[in-house]
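> Quick one: this structure, given as structure tokens, is what I'll be asking you about.
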2 protein chains.
Amino acid sequence: MKKNCIVAQSGGPTSAINASLCGVITGSLENENFETCYGALNGITGVISSNYINLTEMAAIPGFLDKLYVTPAMFLGSCRYKLPADFTDEVYSKIFDELHKLNIGAFFYIGGNDSMDTISKLSGYAKIHDEKINFVGIPKTIDNDLCETDHTPGFGSAAKYIAATVREITYDTFIYPVKSVTIIEIMGRDAGWLTAASALARRNPGDAPHFIYLPEKPFNIVSFLDNIRDELTRRNNVIVTVSEGIRDVEGRYICEYTPAELSEYISTGFNSAKEKNHNTADIFGNTHLSGVGKVLETLVKEELKIKTRSIEINVLQRCAAHMASATDLAESKKQGAYGIKLATENKSGVMVTLKRVSNAPYETKCDYAEISKIANEAKSVPGSWITPDGHDITQELKDYILPLIQGEVSITYHNGLPEFC
Amino acid sequence: MKKNCIVAQSGGPTSAINASLCGVITGSLENENFETCYGALNGITGVISSNYINLTEMAAIPGFLDKLYVTPAMFLGSCRYKLPADFTDEVYSKIFDELHKLNIGAFFYIGGNDSMDTISKLSGYAKIHDEKINFVGIPKTIDNDLCETDHTPGFGSAAKYIAATVREITYDTFIYPVKSVTIIEIMGRDAGWLTAASALARRNPGDAPHFIYLPEKPFNIVSFLDNIRDELTRRNNVIVTVSEGIRDVEGRYICEYTPAELSEYISTGFNSAKEKNHNTADIFGNTHLSGVGKVLETLVKEELKIKTRSIEINVLQRCAAHMASATDLAESKKQGAYGIKLATENKSGVMVTLKRVSNAPYETKCDYAEISKIANEAKSVPGSWITPDGHDITQELKDYILPLIQGEVSITYHNGLPEFC
């Protein structure tokens with residue numbers, strides 16, 4: 001008797017995670033080993049609570065897969081749920097009971113580092129208990145911080161949106177013949193890949209962004225102000241891109257500086273404000289805490305007395321499906337389908353990976369890696385890909401990102417707006 | 001001897017202002033009355049400082065006009081310059097000397113209310129001094145707040161971007177099965193047209209946005225919280241769109257509330273916090289002042305103890321050329337060309353307007369209005385187009401906006417990114 005398979009999605013949204021889902025569905029349809037492909041709703045919690053849908057049936061609806069391919073965020077919903085380390089916890093028997101009930105031969109989890117922890121634990125449990133179910137991870141994260149793979153599904157689309165947006169903001173900035181500073185805040189708490197992508201907005205040397213700050217290098221407020229001051233002698237409009245997660249040399253997030261601390265930091269000649277005991281939190285605690293863009297905006301306004309604004313690109317960078325990268329979606333689908341192949345080869349406790357065969361012409365092929373090398377690990381931008389001055393990226397890093405944003409995706413518009421699933 | 005004409009752009013950027021410029025250029029090329037079309041750089045200040053370019057020559061460059069048509073923000077640069085009320089001021093003789101030098105027969109200013117003030121003054125001066133130069137305004141503003149015209153160039157593209165973005169944010173929001181509130185801040189200090197456009201993101205009754213707050217109605221914090229609280233009993237994820245310029249019943253901007261004031265306002269049972277003398281400004285003054293989205297985020301978090309986030313769409317709503325409305329760009333160009341026609345008919349001190357002939361099928365025609373009825377005036381959303389409960393818009397207003405966002409614009413991509421002028 002043929003087995004069935006089940007797929008779920010977890011973690012934060014991307015524009016490409018449903019393309020990966022399409023890959024799993026079409027891979028299962030084309031594979032003779034699987035009868036039905038189920039979709040668990042809201043990640044692993046959908047298995048626990050018997051909440052799933054029949055994707056094989058849905059795939060038969062004309063146009064469904066085409067629309068799903070370009071729909072942003074999780075079609076199956078998401079969760080933030082970490083399985084307990086203790087395999088005797090009853091949640092494990094609950095999960096495996098459900099999988100048996102559905103006659104599941106393979107489980108696919110599309111997600112980031114945390115989701116790979118789930119694959120690691122379930123495959124570990126299956127091995128110990130001699131369960132004949134394969135657990136395969138399909139990568140996904142705009143952050144591009146998964147180890148063992150060249151880059152992650154979702155990153156290319158986010159990178160394309162960021163580069164295009166920074167270019168459009170540049171047009172918005174240069175119209176007035178007065179000096180100004182624009183600070184663009186981009187996602188990335190620990191890894192600077194997304195902020196690095198802003199470099200692609202440039203067409204010619206000297207184009208914006210003029211400074212790029214990643215969390216991989218300690219952020220020095222004095223150097224930052226010096227850089228801006230200096231650049232303003234050469235041009236009217238200075239544009240800076242900055243990761244939300246930049247930290248000072250002591251490891252403190254710049255976005256955590258309160259106005260009073262910043263002010264004191266400046267007035268004392270930039271000695272660390274940390275040593276003092278500041279009671280500047282408002283009555284709600286930190287609830288009015290600004291992002292790093294607002295903190296730097298305050299700083300530049302105060303110190304340089306220049307027109308300054310900050311722009312937070314925010315969640316749009318992960319859900320702007322109308323600006324998805326065709327390369328990203330195609331690779332995401334390919335990796336979803338490759339997961340089906342791995343499962344039929346009895347691989348378990350692995351994640352699909354991508355290897356870059358060549359950069360020009362750009363070519364990749366799918367492979368896999370042991371989940372233990374990926375789960376709960378993170379890949380930063382290598383120091384050698386950041387320029388020695390700490391405020392730009394190297395050509396090598398640009399060459400790495402450029403192929404990933406290529407190609408536009410055709411979206412159906414209805415009544416003037418994109419139509420999704 | 002044939003006369004020349006000159007065009008300039010002023011005010012804030014839009015995605016359609018260069019389409020209007022295209023209309024002026026092509027209109028002048030096709031009109032036998034004008035020899036050369038000049039472009040003054042940075043608005044009227046380009047005339048004052050003899051800073052202009054030859055657009056007739058540039059138009060001969062293959063592909064130039066096509067690319068200009070979809071390029072966001074001002075190709076000619078902008079300015080914020082108000083002419084003095086006193087016609088004896090030397091700036092007037094300076095301007096007219098320059099116009100004579102270039103043998104100008106018509107001056108076109110593409111801009112909003114403030115720019116129309118310039119047209120008003122220059123045409124007034126010309127009349128008094130018997131100058132044979134016609135001054136014609138070409139409308140432009142994403143705010144849609146110009147009087148005497150059905151809607152303004154730039155509004156349709158901004159509306160399309162806002163509706164599409166709100167729809168994409170909705171996808172980003174619904175993935176977790178936990179209760180949350182999302183507050184989306186949209187431009188509009190005094191007029192709610194842009195925020196109203198967010199209603200188009202809905203496809204079915206009950207779709208987001210669930211509440212829409214425009215600056216035309218006083219914003220009541222207590223009702224706002226009641227509405228959200230109530231809606232959360234019906235659904236997990238409540239999405240609110242709000243104009244940056246909403247004010248309380250006393251006319252104070254909600255974004256001006258400090259955290260301490262809000263807190264006190266809440267703790268005293270929502271008596272006005274204004275009466276007390278609060279010294280809560282930080283050392284920089286108001287420099288860390290959050291937008292209205294952040295203020296409401298703080299409020300909802302504190303009062304409802306629920307996961308809340310705010311998203312500021314920011315400048316992208318006026319410069320996201322990749323999401324421009326084809327209808328908007330076509331109408332913008334049409335109005336630019338109509339300006340040329342008006343000038344050749346010796347109209348001066350007027351602005352091009354648009355009349356809606358019918359809504360289904362959608363049809364408009366160009367006309368004009370006296371500049372005195374437009375300059376320094378503003379058009380708000382009529383009270384009858386806001387629902388009686390004050391937190392939504394009527395079907396009539398949706399019907400008014402819907403035709404303006406129709407059609408997608410084909411943009412050239414190079415290396416994965418939009419290519420502009």
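Ordered as shown in the structure tokens, chains take letters A, B, and onward, while each chain numbers its residues from 1 and ligands are numbered from 1 in the order shown.
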Provide as a tab-separated table (two decimals) with C-alpha atoms, in the first residue's frame the residues of chain A at most 6 Å from chain B, counting only C-alpha atoms.


```tsv
chain	number	residue	atom	x	y	z
A	73	ALA	CA	3.37	34.29	3.53
A	77	GLY	CA	-0.22	29.16	8.43
A	78	SER	CA	2.71	29.20	10.80
A	79	CYS	CA	3.61	28.58	14.42
A	164	ALA	CA	14.48	48.25	-5.75
A	168	GLU	CA	13.18	54.36	-5.51
A	171	TYR	CA	14.80	59.20	-6.44
A	172	ASP	CA	12.56	60.55	-3.71
A	175	ILE	CA	14.80	66.31	-5.67
A	176	TYR	CA	15.63	69.16	-3.30
A	287	THR	CA	6.96	50.54	24.70
A	298	THR	CA	17.93	61.73	16.34
A	319	CYS	CA	5.75	39.92	1.92
A	405	ILE	CA	17.40	38.82	-7.64
A	406	GLN	CA	17.14	38.13	-11.37
A	407	GLY	CA	13.84	37.79	-13.17
A	416	GLY	CA	-5.95	46.90	-10.17
A	417	LEU	CA	-4.51	44.77	-7.35
```

> Taking the chain letters and numbering used in this document, name the residues of segment 82-309 of chain B that DSSP puts in strand (DSSP E or B), as a PyMOL selection string.

chain B and resi 104-111+134-139+180-186+211-213+237-243+247+253+282+285+307-309

> Print the selection's residues with N, CA and C atoms to a file, as a short mmCIF file (atom, residue, chain, number, x, y, z; two decimals), in the first residue's frame.


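To be explicit, this is the file written out as out_30.cif:
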```
data_model
loop_
_atom_site.label_atom_id
_atom_site.label_comp_id
_atom_site.auth_asym_id
_atom_site.auth_seq_id
_atom_site.Cartn_x
_atom_site.Cartn_y
_atom_site.Cartn_z
N ILE B 104 10.23 83.11 -24.00
CA ILE B 104 9.19 82.21 -23.50
C ILE B 104 7.79 82.78 -23.75
N GLY B 105 6.91 81.91 -24.29
CA GLY B 105 5.51 82.30 -24.47
C GLY B 105 4.59 81.64 -23.45
N ALA B 106 5.09 80.58 -22.83
CA ALA B 106 4.24 79.88 -21.84
C ALA B 106 5.11 79.20 -20.78
N PHE B 107 4.61 79.29 -19.56
CA PHE B 107 5.29 78.67 -18.42
C PHE B 107 4.34 77.67 -17.78
N PHE B 108 4.83 76.44 -17.57
CA PHE B 108 4.00 75.39 -16.96
C PHE B 108 4.61 74.96 -15.65
N TYR B 109 3.77 74.91 -14.62
CA TYR B 109 4.25 74.50 -13.30
C TYR B 109 3.47 73.27 -12.88
N ILE B 110 4.20 72.15 -12.71
CA ILE B 110 3.55 70.91 -12.29
C ILE B 110 3.70 70.78 -10.78
N GLY B 111 2.60 70.87 -10.05
CA GLY B 111 2.72 70.80 -8.59
C GLY B 111 1.38 70.82 -7.88
N ASN B 134 1.86 83.18 -20.94
CA ASN B 134 0.76 82.48 -20.25
C ASN B 134 1.29 81.53 -19.19
N PHE B 135 0.65 81.57 -18.03
CA PHE B 135 1.07 80.74 -16.90
C PHE B 135 -0.01 79.70 -16.61
N VAL B 136 0.38 78.44 -16.77
CA VAL B 136 -0.60 77.36 -16.62
C VAL B 136 -0.12 76.34 -15.59
N GLY B 137 -0.99 76.00 -14.68
CA GLY B 137 -0.67 74.99 -13.67
C GLY B 137 -1.08 73.59 -14.13
N ILE B 138 -0.21 72.62 -13.88
CA ILE B 138 -0.55 71.21 -14.15
C ILE B 138 -0.61 70.54 -12.77
N PRO B 139 -1.76 69.96 -12.42
CA PRO B 139 -1.90 69.44 -11.05
C PRO B 139 -1.01 68.24 -10.78
N SER B 180 -3.74 39.43 17.53
CA SER B 180 -2.80 40.53 17.29
C SER B 180 -3.52 41.72 16.67
N VAL B 181 -2.90 42.87 16.84
CA VAL B 181 -3.41 44.10 16.24
C VAL B 181 -2.29 44.71 15.39
N THR B 182 -2.62 45.08 14.17
CA THR B 182 -1.64 45.72 13.28
C THR B 182 -2.17 47.10 12.91
N ILE B 183 -1.36 48.11 13.13
CA ILE B 183 -1.76 49.49 12.81
C ILE B 183 -0.90 50.01 11.68
N ILE B 184 -1.52 50.36 10.58
CA ILE B 184 -0.78 50.81 9.39
C ILE B 184 -0.97 52.31 9.24
N GLU B 185 0.14 53.03 9.30
CA GLU B 185 0.09 54.50 9.20
C GLU B 185 0.30 54.93 7.75
N ILE B 186 -0.61 55.76 7.28
CA ILE B 186 -0.59 56.19 5.87
C ILE B 186 -0.51 57.70 5.82
N PHE B 211 -10.71 48.63 10.42
CA PHE B 211 -11.07 50.01 10.79
C PHE B 211 -10.22 50.98 9.98
N ILE B 212 -10.84 52.06 9.56
CA ILE B 212 -10.14 53.07 8.77
C ILE B 212 -10.42 54.43 9.41
N TYR B 213 -9.36 55.11 9.84
CA TYR B 213 -9.55 56.40 10.51
C TYR B 213 -8.94 57.54 9.67
N ASN B 237 -6.94 38.53 14.18
CA ASN B 237 -6.01 39.57 13.73
C ASN B 237 -6.77 40.78 13.25
N VAL B 238 -6.64 41.86 13.98
CA VAL B 238 -7.33 43.09 13.62
C VAL B 238 -6.32 44.04 12.96
N ILE B 239 -6.69 44.53 11.79
CA ILE B 239 -5.82 45.43 11.04
C ILE B 239 -6.51 46.78 10.88
N VAL B 240 -5.78 47.82 11.24
CA VAL B 240 -6.31 49.19 11.26
C VAL B 240 -5.46 50.05 10.34
N THR B 241 -6.10 50.88 9.53
CA THR B 241 -5.33 51.88 8.78
C THR B 241 -5.70 53.26 9.30
N VAL B 242 -4.70 54.11 9.34
CA VAL B 242 -4.90 55.40 10.01
C VAL B 242 -4.08 56.50 9.32
N SER B 243 -4.69 57.63 9.11
CA SER B 243 -3.97 58.77 8.53
C SER B 243 -3.00 59.35 9.56
N ARG B 247 -6.56 63.70 14.59
CA ARG B 247 -6.51 64.61 15.74
C ARG B 247 -7.62 64.28 16.73
N TYR B 253 -2.97 66.78 17.33
CA TYR B 253 -2.54 65.58 16.63
C TYR B 253 -2.29 64.44 17.62
N ASP B 282 12.05 65.07 25.74
CA ASP B 282 13.41 64.66 26.04
C ASP B 282 14.37 65.82 25.80
N GLY B 285 14.25 67.81 22.77
CA GLY B 285 12.95 68.36 22.41
C GLY B 285 12.08 67.23 21.94
N LYS B 307 -0.52 41.41 21.45
CA LYS B 307 0.58 41.58 20.50
C LYS B 307 0.18 42.65 19.48
N THR B 308 0.94 43.71 19.41
CA THR B 308 0.59 44.82 18.54
C THR B 308 1.82 45.29 17.79
N ARG B 309 1.65 45.64 16.54
CA ARG B 309 2.77 46.25 15.80
C ARG B 309 2.22 47.37 14.95
#
```

> Do a neighbour search on Leu329 of chain B at 7 Å with only C-alpha atoms, toss out local chain neighbours closer than 4 positions, and write the hits as an NGL selection string.

:B and (16 or 19 or 325 or 333)

> As an exercise, work out the distance from atom CA of Glu244 of chain B to atom CA of Tyr257 of chain A in Å and give it to one decimal place.

25.5 Å

> Enter the distance from atom CA of Lys127 of chain B to atom CA of Gly349 of chain B, in Å, rounded to one decimal.

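Taking atom CA of Lys127 of chain B and atom CA of Gly349 of chain B, their separation equals 9.3 Å.
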
> Mind giving me the straight-line distance from atom CA of Phe219 of chain A to atom CA of Arg252 of chain A in Å, one decimal?

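Going from atom CA of Phe219 of chain A over to atom CA of Arg252 of chain A covers 9.7 Å.
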
> Got a sec to tell me which of segment 53-195 of chain B DSSP assigns to helix (DSSP H, G or I), as an MDAnalysis selection string?

chainID B and resid 55:59 64:70 90:101 113:128 155:173 193:195
